[in-house]
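Dumped run_38.cif below, it's mmCIF, C-alpha atoms:
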data_upload
loop_
_atom_site.label_atom_id
_atom_site.label_comp_id
_atom_site.auth_asym_id
_atom_site.auth_seq_id
_atom_site.Cartn_x
_atom_site.Cartn_y
_atom_site.Cartn_z
CA CYS A 68 -24.07 5.50 -6.64
CA GLY A 69 -21.73 8.13 -8.05
CA VAL A 70 -22.09 10.31 -4.95
CA VAL A 71 -21.44 7.45 -2.53
CA ALA A 72 -18.59 5.96 -4.55
CA VAL A 73 -16.72 9.24 -4.99
CA CYS A 74 -17.16 10.07 -1.30
CA SER A 75 -15.56 6.76 -0.37
CA MET A 76 -12.73 7.41 -2.85
CA ILE A 77 -11.79 10.62 -1.04
CA VAL A 78 -11.34 8.89 2.32
CA PRO A 79 -8.06 6.96 2.49
CA GLY A 80 -8.52 3.28 3.19
CA LEU A 81 -11.98 3.10 1.59
CA SER A 82 -12.52 1.82 -1.92
CA GLY A 83 -15.05 3.34 -4.27
CA SER A 84 -15.08 0.11 -6.27
CA PHE A 85 -15.84 -1.90 -3.14
CA VAL A 86 -18.68 0.48 -2.27
CA LEU A 87 -20.08 0.03 -5.77
CA LEU A 88 -19.85 -3.74 -5.24
CA LEU A 89 -21.77 -3.41 -1.98
CA LEU A 90 -24.41 -1.32 -3.75
CA GLY A 91 -24.65 -3.97 -6.47
CA ASN A 92 -23.71 -1.60 -9.29
CA TYR A 93 -20.02 -2.32 -9.91
CA MET A 94 -20.60 -4.63 -12.88
CA LEU A 95 -23.19 -2.22 -14.31
CA ILE A 96 -20.72 0.68 -14.24
CA ILE A 97 -17.81 -1.42 -15.54
CA GLY A 98 -20.01 -2.77 -18.34
CA ALA A 99 -21.02 0.77 -19.35
CA ILE A 100 -17.39 1.89 -19.37
CA SER A 101 -16.47 -1.14 -21.50
CA ASP A 102 -19.31 -0.40 -23.96
CA LEU A 103 -18.22 3.24 -24.24
CA SER A 104 -14.61 2.21 -24.73
CA SER A 105 -15.55 -0.24 -27.50
CA ALA A 106 -17.67 2.40 -29.23
CA LEU A 107 -14.87 4.94 -29.08
CA LYS A 108 -12.33 2.45 -30.43
CA SER A 109 -14.53 1.49 -33.35
CA LEU A 110 -15.86 5.03 -33.84
CA GLU A 111 -19.31 3.47 -34.12
CA VAL A 112 -22.47 4.52 -32.27
CA THR A 113 -24.18 1.39 -31.00
CA ASP A 114 -27.28 0.88 -28.88
CA GLU A 115 -25.02 -0.31 -26.05
CA ALA A 116 -22.98 2.89 -26.25
CA VAL A 117 -26.13 5.04 -26.12
CA GLU A 118 -27.38 3.11 -23.08
CA ALA A 119 -23.95 3.45 -21.48
CA VAL A 120 -24.02 7.23 -21.95
CA LYS A 121 -27.54 7.34 -20.46
CA LEU A 122 -26.18 5.49 -17.43
CA MET A 123 -22.88 7.34 -17.10
CA ILE A 124 -24.33 10.88 -17.24
CA PRO A 125 -26.21 10.63 -13.91
CA VAL A 126 -23.34 8.70 -12.34
CA GLY A 127 -20.88 11.37 -13.53
CA ILE A 128 -23.11 14.18 -12.22
CA GLY A 129 -23.36 12.32 -8.92
CA CYS A 130 -19.58 12.02 -8.80
CA VAL A 131 -19.08 15.74 -9.37
CA VAL A 132 -21.76 16.73 -6.82
CA GLY A 133 -20.44 14.22 -4.29
CA LEU A 134 -16.84 15.32 -4.78
CA VAL A 135 -17.66 19.00 -4.26
CA ALA A 136 -20.02 18.44 -1.34
CA PHE A 137 -17.95 15.85 0.50
CA SER A 138 -14.70 17.76 0.08
CA HIS A 139 -16.34 20.77 1.74
CA ILE A 140 -17.68 18.57 4.54
CA LEU A 141 -14.29 16.94 4.98
CA SER A 142 -12.59 20.34 5.05
CA TRP A 143 -14.97 21.50 7.79
CA VAL A 144 -14.39 18.31 9.80
CA PHE A 145 -10.62 18.79 9.56
CA ARG A 146 -10.88 22.42 10.70
CA LYS A 147 -13.17 21.63 13.65
CA HIS A 148 -12.05 18.13 14.70
CA HIS A 149 -8.58 17.65 13.20
CA ASP A 150 -7.16 15.10 15.64
CA VAL A 151 -10.27 12.89 15.63
CA ALA A 152 -10.47 13.01 11.82
CA VAL A 153 -6.81 12.09 11.41
CA SER A 154 -7.24 9.24 13.92
CA LEU A 155 -10.29 7.95 12.06
CA MET A 156 -8.52 8.04 8.70
CA THR A 157 -5.45 6.38 10.18
CA GLY A 158 -7.76 3.63 11.44
CA PHE A 159 -9.29 3.22 7.97
CA ILE A 160 -5.83 2.93 6.43
CA ALA A 161 -4.55 0.51 9.09
CA GLY A 162 -7.71 -1.57 8.74
CA SER A 163 -7.38 -1.77 4.98
CA LEU A 164 -3.80 -3.02 5.13
CA MET A 165 -4.92 -6.56 5.94
CA ILE A 166 -7.12 -6.58 2.84
CA ILE A 167 -4.53 -5.20 0.43
CA TRP A 168 -1.62 -7.22 1.86
CA PRO A 169 -0.30 -8.91 -1.28
CA TRP A 170 1.33 -11.92 0.37
CA LYS A 171 -1.59 -14.09 1.44
CA ASP A 172 -3.16 -17.38 0.52
CA ALA A 173 -6.92 -17.86 0.50
CA VAL A 174 -8.38 -20.40 2.95
CA TYR A 175 -11.55 -21.87 1.48
CA LEU A 176 -14.65 -22.89 3.42
CA MET A 177 -15.02 -26.68 3.45
CA ASP A 178 -18.07 -28.86 3.99
CA GLU A 179 -18.18 -31.92 6.25
CA ALA A 180 -16.71 -34.13 3.49
CA GLY A 181 -13.73 -31.82 3.04
CA ASN A 182 -14.87 -30.42 -0.30
CA PRO A 183 -14.82 -26.67 -0.93
CA VAL A 184 -18.18 -24.92 -0.55
CA MET A 185 -19.23 -23.33 -3.85
CA ARG A 186 -21.38 -20.23 -4.38
CA ASP A 187 -22.20 -18.92 -7.85
CA GLY A 188 -19.63 -21.32 -9.31
CA GLU A 189 -16.75 -20.07 -7.15
CA LYS A 190 -15.14 -21.34 -3.95
CA VAL A 191 -16.21 -19.47 -0.81
CA ILE A 192 -13.25 -17.85 0.94
CA GLN A 193 -13.28 -18.33 4.71
CA GLY A 194 -10.21 -16.24 5.43
CA TYR A 195 -6.56 -15.78 4.55
CA ASP A 196 -3.18 -17.04 5.69
CA TRP A 197 -0.83 -14.05 5.64
CA PHE A 198 2.89 -14.58 5.27
CA LEU A 199 6.07 -12.61 4.74
CA PRO A 200 7.57 -12.97 1.29
CA ALA A 201 10.89 -14.54 0.49
CA PHE A 202 13.50 -11.82 0.13
CA ASP A 203 14.18 -11.55 -3.59
CA GLY A 204 14.41 -8.79 -6.18
CA THR A 205 10.66 -8.16 -6.21
CA THR A 206 10.53 -7.81 -2.44
CA ALA A 207 13.55 -5.52 -2.47
CA ALA A 208 11.88 -3.34 -5.11
CA ALA A 209 8.66 -3.20 -3.07
CA ILE A 210 10.57 -2.17 0.07
CA ALA A 211 12.54 0.43 -1.90
CA LEU A 212 9.29 1.91 -3.23
CA MET A 213 7.81 2.01 0.28
CA VAL A 214 10.88 3.81 1.60
CA ALA A 215 10.79 6.23 -1.36
CA GLY A 216 7.13 6.95 -0.59
CA ILE A 217 7.84 7.60 3.09
CA VAL A 218 10.77 9.87 2.24
CA GLY A 219 8.69 11.69 -0.39
CA VAL A 220 5.83 12.36 2.03
CA ALA A 221 8.28 13.51 4.73
CA LEU A 222 9.95 15.91 2.27
CA ILE A 223 6.63 17.33 1.10
CA GLU A 224 5.54 17.76 4.73
CA LYS A 225 8.80 19.50 5.58
CA MET A 226 8.48 21.82 2.57
CA GLY A 227 4.85 22.55 3.48
CA SER A 228 5.60 23.34 7.11
CA GLY A 229 8.46 25.63 6.02
CA ARG A 230 6.07 27.66 3.86
CA LYS A 231 3.55 27.83 6.70
CA ASP A 232 6.22 29.32 8.96
CA GLU A 233 7.06 31.94 6.27
CA ALA A 234 3.41 33.00 6.04
#
Kindly present the structure from the file in structure tokens form.
Amino acid sequence: CGVVAVCSMIVPGLSGSFVLLLLGNYMLIIGAISDLSSALKSLEVTDEAVEAVKLMIPVGIGCVVGLVAFSHILSWVFRKHHDVAVSLMTGFIAGSLMIIWPWKDAVYLMDEAGNPVMRDGEKVIQGYDWFLPAFDGTTAAAIALMVAGIVGVALIEKMGSGRKDEA
């Protein structure tokens, strides 16, 4: 799980947490982290903390191995197939925007009687209604941060291309 999760964390637009959810191990990992955190706060070695360490060691090793291996693979892919790799990552990022769009309302699946369908005690989400936010201080701050990010990336790119020309 560590290998797969860390590999998905390297690729923009993919979520390591979501991959862990798909693998069915997200709650296991989060629980182990919580147990370790509690043990560290209380400075007490509990059975839960020992079990958490037993779980986190192989996951951590998998993360390190996956990070090293996948970064080398990704580096090779960028050297050999740069344009295709950039296009693929751009597609991942563009595809993830609909999921991370903060201004949306959940549309719940309804049965024939008009009642929400429940699964595991929660309403089943059928889809989302996306909307543009009202222009207020929060929206202005979000737009300002987006512009600052774009300008920051452009400046870093410009500085990087200037150094490449010097070399």
Selection under test: the PyMOL selection byres ((chain A and resi 165-179) around 7); residues as a PyMOL selection string: chain A and resi 162-164+180-184+190-200
Residues just named, written with C-alpha atoms as a PDB file, keeping the file's coordinate frame:
ATOM      1  CA  GLY A 162      -7.710  -1.570   8.740  1.00  0.00           C
ATOM      2  CA  SER A 163      -7.380  -1.770   4.980  1.00  0.00           C
ATOM      3  CA  LEU A 164      -3.800  -3.020   5.130  1.00  0.00           C
ATOM      4  CA  ALA A 180     -16.710 -34.130   3.490  1.00  0.00           C
ATOM      5  CA  GLY A 181     -13.730 -31.820   3.040  1.00  0.00           C
ATOM      6  CA  ASN A 182     -14.870 -30.420  -0.300  1.00  0.00           C
ATOM      7  CA  PRO A 183     -14.820 -26.670  -0.930  1.00  0.00           C
ATOM      8  CA  VAL A 184     -18.180 -24.920  -0.550  1.00  0.00           C
ATOM      9  CA  LYS A 190     -15.140 -21.340  -3.950  1.00  0.00           C
ATOM     10  CA  VAL A 191     -16.210 -19.470  -0.810  1.00  0.00           C
ATOM     11  CA  ILE A 192     -13.250 -17.850   0.940  1.00  0.00           C
ATOM     12  CA  GLN A 193     -13.280 -18.330   4.710  1.00  0.00           C
ATOM     13  CA  GLY A 194     -10.210 -16.240   5.430  1.00  0.00           C
ATOM     14  CA  TYR A 195      -6.560 -15.780   4.550  1.00  0.00           C
ATOM     15  CA  ASP A 196      -3.180 -17.040   5.690  1.00  0.00           C
ATOM     16  CA  TRP A 197      -0.830 -14.050   5.640  1.00  0.00           C
ATOM     17  CA  PHE A 198       2.890 -14.580   5.270  1.00  0.00           C
ATOM     18  CA  LEU A 199       6.070 -12.610   4.740  1.00  0.00           C
ATOM     19  CA  PRO A 200       7.570 -12.970   1.290  1.00  0.00           C
TER      20      PRO A 200
END
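Here CA of Met213 (chain A) is placed at a distance of 22.4 Å from CA of Leu155 (chain A).
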If I wrap all listed atoms of region 126-143 of chain A in a box with edges along x, y and z and add 6 Å on each side, what are its centre and edge lengths in Å to one decimal, as lines of an AutoDock Vina configuration file?
center_x = -18.0
center_y = 15.1
center_z = -2.9
size_x = 22.8
size_y = 24.8
size_z = 33.3
Point-to-point distance from CA of Glu189 (chain A) to CA of Asp102 (chain A), Å rounded to tenths: 26.0 Å
Interatomic distance, CA of Gly98 (chain A) to CA of Met123 (chain A) (Å, one decimal): 10.6 Å
Residues selected by the PyMOL selection byres ((chain A and resi 69-78) around 12), written as an MDAnalysis selection string: chainID A and resid 68 79:93 96 122:142 152:153 155:160 163
Surrounding residues of Ala99 (chain A) excluding itself and chain neighbours under 4 positions, 12 Å, all atoms listed in the file, as JSON, numbers by chain: {"A": [92, 93, 94, 95, 103, 104, 105, 106, 114, 115, 116, 117, 118, 119, 120, 121, 122, 123, 124, 126]}
Please write the residues from the selection above to a file, keeping C-alpha atoms, as a PDB file, keeping the file's coordinate frame.
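What landed in again.pdb:
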ATOM      1  CA  ASN A  92     -23.710  -1.600  -9.290  1.00  0.00           C
ATOM      2  CA  TYR A  93     -20.020  -2.320  -9.910  1.00  0.00           C
ATOM      3  CA  MET A  94     -20.600  -4.630 -12.880  1.00  0.00           C
ATOM      4  CA  LEU A  95     -23.190  -2.220 -14.310  1.00  0.00           C
ATOM      5  CA  LEU A 103     -18.220   3.240 -24.240  1.00  0.00           C
ATOM      6  CA  SER A 104     -14.610   2.210 -24.730  1.00  0.00           C
ATOM      7  CA  SER A 105     -15.550  -0.240 -27.500  1.00  0.00           C
ATOM      8  CA  ALA A 106     -17.670   2.400 -29.230  1.00  0.00           C
ATOM      9  CA  ASP A 114     -27.280   0.880 -28.880  1.00  0.00           C
ATOM     10  CA  GLU A 115     -25.020  -0.310 -26.050  1.00  0.00           C
ATOM     11  CA  ALA A 116     -22.980   2.890 -26.250  1.00  0.00           C
ATOM     12  CA  VAL A 117     -26.130   5.040 -26.120  1.00  0.00           C
ATOM     13  CA  GLU A 118     -27.380   3.110 -23.080  1.00  0.00           C
ATOM     14  CA  ALA A 119     -23.950   3.450 -21.480  1.00  0.00           C
ATOM     15  CA  VAL A 120     -24.020   7.230 -21.950  1.00  0.00           C
ATOM     16  CA  LYS A 121     -27.540   7.340 -20.460  1.00  0.00           C
ATOM     17  CA  LEU A 122     -26.180   5.490 -17.430  1.00  0.00           C
ATOM     18  CA  MET A 123     -22.880   7.340 -17.100  1.00  0.00           C
ATOM     19  CA  ILE A 124     -24.330  10.880 -17.240  1.00  0.00           C
ATOM     20  CA  VAL A 126     -23.340   8.700 -12.340  1.00  0.00           C
TER      21      VAL A 126
END
As a PDB file, in the frame of the given file, please: region 200-230 of chain A completed to N, CA and C atoms.
ATOM      1  N   PRO A 200       7.016 -12.421   2.527  1.00  0.00           N
ATOM      2  CA  PRO A 200       7.570 -12.970   1.290  1.00  0.00           C
ATOM      3  C   PRO A 200       9.030 -13.361   1.457  1.00  0.00           C
ATOM      4  N   ALA A 201       9.469 -14.219   0.556  1.00  0.00           N
ATOM      5  CA  ALA A 201      10.890 -14.540   0.490  1.00  0.00           C
ATOM      6  C   ALA A 201      11.608 -13.289  -0.011  1.00  0.00           C
ATOM      7  N   PHE A 202      12.789 -13.035   0.526  1.00  0.00           N
ATOM      8  CA  PHE A 202      13.500 -11.820   0.130  1.00  0.00           C
ATOM      9  C   PHE A 202      14.180 -12.059  -1.208  1.00  0.00           C
ATOM     10  N   ASP A 203      13.595 -11.463  -2.254  1.00  0.00           N
ATOM     11  CA  ASP A 203      14.180 -11.550  -3.590  1.00  0.00           C
ATOM     12  C   ASP A 203      14.130 -10.162  -4.229  1.00  0.00           C
ATOM     13  N   GLY A 204      14.374 -10.078  -5.498  1.00  0.00           N
ATOM     14  CA  GLY A 204      14.410  -8.790  -6.180  1.00  0.00           C
ATOM     15  C   GLY A 204      13.079  -8.052  -6.132  1.00  0.00           C
ATOM     16  N   THR A 205      11.980  -8.786  -6.258  1.00  0.00           N
ATOM     17  CA  THR A 205      10.660  -8.160  -6.210  1.00  0.00           C
ATOM     18  C   THR A 205      10.386  -7.571  -4.838  1.00  0.00           C
ATOM     19  N   THR A 206      10.728  -8.304  -3.806  1.00  0.00           N
ATOM     20  CA  THR A 206      10.530  -7.810  -2.440  1.00  0.00           C
ATOM     21  C   THR A 206      11.411  -6.600  -2.182  1.00  0.00           C
ATOM     22  N   ALA A 207      12.648  -6.650  -2.640  1.00  0.00           N
ATOM     23  CA  ALA A 207      13.550  -5.520  -2.470  1.00  0.00           C
ATOM     24  C   ALA A 207      13.009  -4.281  -3.182  1.00  0.00           C
ATOM     25  N   ALA A 208      12.462  -4.466  -4.378  1.00  0.00           N
ATOM     26  CA  ALA A 208      11.880  -3.340  -5.110  1.00  0.00           C
ATOM     27  C   ALA A 208      10.667  -2.780  -4.375  1.00  0.00           C
ATOM     28  N   ALA A 209       9.838  -3.660  -3.816  1.00  0.00           N
ATOM     29  CA  ALA A 209       8.660  -3.200  -3.070  1.00  0.00           C
ATOM     30  C   ALA A 209       9.077  -2.407  -1.835  1.00  0.00           C
ATOM     31  N   ILE A 210      10.084  -2.882  -1.123  1.00  0.00           N
ATOM     32  CA  ILE A 210      10.570  -2.170   0.070  1.00  0.00           C
ATOM     33  C   ILE A 210      11.184  -0.839  -0.337  1.00  0.00           C
ATOM     34  N   ALA A 211      11.940  -0.825  -1.432  1.00  0.00           N
ATOM     35  CA  ALA A 211      12.540   0.430  -1.900  1.00  0.00           C
ATOM     36  C   ALA A 211      11.464   1.450  -2.267  1.00  0.00           C
ATOM     37  N   LEU A 212      10.384   1.006  -2.897  1.00  0.00           N
ATOM     38  CA  LEU A 212       9.290   1.910  -3.230  1.00  0.00           C
ATOM     39  C   LEU A 212       8.580   2.428  -1.984  1.00  0.00           C
ATOM     40  N   MET A 213       8.417   1.571  -0.983  1.00  0.00           N
ATOM     41  CA  MET A 213       7.810   2.010   0.280  1.00  0.00           C
ATOM     42  C   MET A 213       8.670   3.083   0.944  1.00  0.00           C
ATOM     43  N   VAL A 214       9.965   2.839   0.995  1.00  0.00           N
ATOM     44  CA  VAL A 214      10.880   3.810   1.600  1.00  0.00           C
ATOM     45  C   VAL A 214      10.861   5.115   0.810  1.00  0.00           C
ATOM     46  N   ALA A 215      10.856   5.021  -0.520  1.00  0.00           N
ATOM     47  CA  ALA A 215      10.790   6.230  -1.360  1.00  0.00           C
ATOM     48  C   ALA A 215       9.505   7.001  -1.093  1.00  0.00           C
ATOM     49  N   GLY A 216       8.402   6.302  -0.907  1.00  0.00           N
ATOM     50  CA  GLY A 216       7.130   6.950  -0.590  1.00  0.00           C
ATOM     51  C   GLY A 216       7.168   7.663   0.748  1.00  0.00           C
ATOM     52  N   ILE A 217       7.725   6.999   1.754  1.00  0.00           N
ATOM     53  CA  ILE A 217       7.840   7.600   3.090  1.00  0.00           C
ATOM     54  C   ILE A 217       8.718   8.839   3.038  1.00  0.00           C
ATOM     55  N   VAL A 218       9.855   8.732   2.361  1.00  0.00           N
ATOM     56  CA  VAL A 218      10.770   9.870   2.240  1.00  0.00           C
ATOM     57  C   VAL A 218      10.091  11.004   1.464  1.00  0.00           C
ATOM     58  N   GLY A 219       9.382  10.676   0.397  1.00  0.00           N
ATOM     59  CA  GLY A 219       8.690  11.690  -0.390  1.00  0.00           C
ATOM     60  C   GLY A 219       7.642  12.435   0.421  1.00  0.00           C
ATOM     61  N   VAL A 220       6.841  11.712   1.188  1.00  0.00           N
ATOM     62  CA  VAL A 220       5.830  12.360   2.030  1.00  0.00           C
ATOM     63  C   VAL A 220       6.497  13.219   3.094  1.00  0.00           C
ATOM     64  N   ALA A 221       7.577  12.723   3.701  1.00  0.00           N
ATOM     65  CA  ALA A 221       8.280  13.510   4.730  1.00  0.00           C
ATOM     66  C   ALA A 221       8.847  14.793   4.127  1.00  0.00           C
ATOM     67  N   LEU A 222       9.412  14.706   2.919  1.00  0.00           N
ATOM     68  CA  LEU A 222       9.950  15.910   2.270  1.00  0.00           C
ATOM     69  C   LEU A 222       8.847  16.912   1.930  1.00  0.00           C
ATOM     70  N   ILE A 223       7.748  16.430   1.420  1.00  0.00           N
ATOM     71  CA  ILE A 223       6.630  17.330   1.100  1.00  0.00           C
ATOM     72  C   ILE A 223       6.097  17.979   2.375  1.00  0.00           C
ATOM     73  N   GLU A 224       5.994  17.216   3.442  1.00  0.00           N
ATOM     74  CA  GLU A 224       5.540  17.760   4.730  1.00  0.00           C
ATOM     75  C   GLU A 224       6.510  18.822   5.236  1.00  0.00           C
ATOM     76  N   LYS A 225       7.786  18.541   5.124  1.00  0.00           N
ATOM     77  CA  LYS A 225       8.800  19.500   5.580  1.00  0.00           C
ATOM     78  C   LYS A 225       8.734  20.782   4.748  1.00  0.00           C
ATOM     79  N   MET A 226       8.587  20.647   3.426  1.00  0.00           N
ATOM     80  CA  MET A 226       8.480  21.820   2.570  1.00  0.00           C
ATOM     81  C   MET A 226       7.199  22.605   2.886  1.00  0.00           C
ATOM     82  N   GLY A 227       6.116  21.897   3.154  1.00  0.00           N
ATOM     83  CA  GLY A 227       4.850  22.550   3.480  1.00  0.00           C
ATOM     84  C   GLY A 227       4.895  23.271   4.805  1.00  0.00           C
ATOM     85  N   SER A 228       5.525  22.677   5.805  1.00  0.00           N
ATOM     86  CA  SER A 228       5.600  23.340   7.110  1.00  0.00           C
ATOM     87  C   SER A 228       6.539  24.521   7.049  1.00  0.00           C
ATOM     88  N   GLY A 229       7.559  24.502   6.202  1.00  0.00           N
ATOM     89  CA  GLY A 229       8.460  25.630   6.020  1.00  0.00           C
ATOM     90  C   GLY A 229       7.722  26.823   5.419  1.00  0.00           C
ATOM     91  N   ARG A 230       6.840  26.584   4.480  1.00  0.00           N
ATOM     92  CA  ARG A 230       6.070  27.660   3.860  1.00  0.00           C
ATOM     93  C   ARG A 230       5.044  28.221   4.833  1.00  0.00           C
TER      94      ARG A 230
END
